[in-house]
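Read through the structure below, which is laid out as structure tokens, and then see the notes.
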Amino acid sequence: MIIPEFSCGGLMLDGNKVLLVQVKSMKGRKIWTFPKGHIEPGETPRQAAMREVLEETGYRAYIVRPLLKVRYAFTLNGKQVRKVVQWYLMKKLGRIGRHDPSEILAINWVSVAKAREMVEYPSDMRLLDIINNENRNII
């Protein structure tokens, strides 16, 4: 049985820094990645991405533009999951809360170069490559 999943998330910029979240992987390892999560009933992908970023980090943001749609598969409890994640490029508006300690171990603003040393997922590297190769003065 194949289970489809769809999530949305954001790569948030503040000047030349990006926001990373530390989470536990399905294998129990601590990893750095970008905030994302599932769409709630009645939400658009954009609304879900902004909500997830806020819930997971405490930061409000606005979407600059769609960034990348990533597809991958994994096995969870013996079932094949096919996941699609819509990523958005976001700009920080301000912090209005704290990160969600039930999901997020830590958050960190780091340079793109430092983020490349911290992330592990190939799709996270692709996101960083995209913003590193663009002229960020238009954001």
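Residue numbering restarts at 1 for every chain of the structure tokens, chains are lettered A, B, ... in their displayed order, and ligands are numbered from 1 as they appear.
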Give me the residues of stretch 11-96 of chain A that have any atom at most 7 Å from an atom of stretch 111-115 of chain A; for each, the nearest atom pair and the distance in Å, rounded to one decimal. Use only C-alpha atoms, sort by chain and number, and format it as JSON lines.
{"residue": "A:Asn16", "atom": "CA", "partner": "A:Ser111", "partner_atom": "CA", "distance": 6.1}
{"residue": "A:Lys17", "atom": "CA", "partner": "A:Ser111", "partner_atom": "CA", "distance": 4.5}
{"residue": "A:Val18", "atom": "CA", "partner": "A:Ser111", "partner_atom": "CA", "distance": 6.2}
Output of the above residues as an mmCIF file, in the first residue's frame, restricted to C-alpha atoms:
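Final output, out.cif:
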data_model
loop_
_atom_site.group_PDB
_atom_site.id
_atom_site.type_symbol
_atom_site.label_atom_id
_atom_site.label_comp_id
_atom_site.auth_asym_id
_atom_site.auth_seq_id
_atom_site.Cartn_x
_atom_site.Cartn_y
_atom_site.Cartn_z
ATOM 1 C CA ASN A 16 21.942 36.886 4.575
ATOM 2 C CA LYS A 17 20.806 34.360 7.210
ATOM 3 C CA VAL A 18 18.437 31.392 6.900
#
For this session: Write out as a count of residues only which residues come within 9 Å of A:Leu20 when counting only C-alpha atoms, dropping same-chain ones fewer than 3 positions away.
Result: 14
Give me, as a Markdown table, each residue of stretch 75-112 of chain A that comes within 12 Å of stretch 123-137 of chain A, together with its shortest interatomic pair and the distance in Å at one decimal, counting only C-alpha atoms, with rows ordered by chain and rising residue number.
| residue | atom | partner | partner_atom | distance |
| --- | --- | --- | --- | --- |
| A:Val84 | CA | A:Ser123 | CA | 11.3 |
| A:Val85 | CA | A:Ser123 | CA | 9.7 |
| A:Gln86 | CA | A:Ser123 | CA | 11.2 |
| A:Trp87 | CA | A:Leu127 | CA | 8.4 |
| A:Tyr88 | CA | A:Leu127 | CA | 9.6 |
| A:Leu89 | CA | A:Ile131 | CA | 8.6 |
| A:Met90 | CA | A:Ile131 | CA | 11.2 |
| A:Lys91 | CA | A:Arg136 | CA | 11.0 |
| A:Val110 | CA | A:Leu128 | CA | 11.8 |
| A:Ser111 | CA | A:Leu128 | CA | 10.2 |
| A:Val112 | CA | A:Leu128 | CA | 6.6 |
Problem set entry | Secondary structure check, strand (DSSP E) residues of chain A, as a ChimeraX atom specification | /A:2-14,17-24,30-33,36-38,59-76,79-95,106-111
Exercise. DSSP says helix (DSSP H, G or I) for which residues of chain A? Put them as a PyMOL selection string?
Worked result: chain A and resi 45-57+112-118+122-133+136-138
Problem set entry | From A:Met1, A:Met26, A:Val53, A:Leu68, residue lying nearest A:Lys92 [only C-alpha atoms] |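 For A:Lys92, the nearest of the candidates is A:Val53.
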Problem set entry | Test item: residues at most 7 Å from stretch 99-104 of chain A, only C-alpha atoms, excluding those fewer than 4 positions along its chain, as a ChimeraX atom specification | /A:21-23,55-58
Using only C-alpha atoms, please write the residues we just selected to a file, as a PDB file, in the first residue's frame.
ATOM      1  CA  VAL A  21      15.141  23.912  12.871  1.00  0.00           C
ATOM      2  CA  GLN A  22      16.595  20.921  14.675  1.00  0.00           C
ATOM      3  CA  VAL A  23      14.318  17.876  14.785  1.00  0.00           C
ATOM      4  CA  GLU A  55       4.047  27.095  14.891  1.00  0.00           C
ATOM      5  CA  GLU A  56       7.471  25.492  14.633  1.00  0.00           C
ATOM      6  CA  THR A  57       9.622  28.615  15.054  1.00  0.00           C
ATOM      7  CA  GLY A  58       7.527  31.428  16.540  1.00  0.00           C
TER       8      GLY A  58
END
Exercise. With only C-alpha atoms as the basis for distance, which of A:Tyr59, A:Tyr121, A:Val64, A:Phe74 is at the shortest distance from A:Arg98?
Worked result: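 Nearest to A:Arg98: A:Tyr59.
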Exercise. Nearest to A:Ala48: which of A:Lys69, A:Gly9, A:Gln80, A:Pro122 is it, counting only C-alpha atoms?
Worked result: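 Among the listed residues, the smallest separation from A:Ala48 belongs to A:Gly9.
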For this session: Go ahead and compute the interatomic distance for atom CA of A:His38 and atom CA of A:Gly15, in Å to one decimal.
Result: 27.5 Å
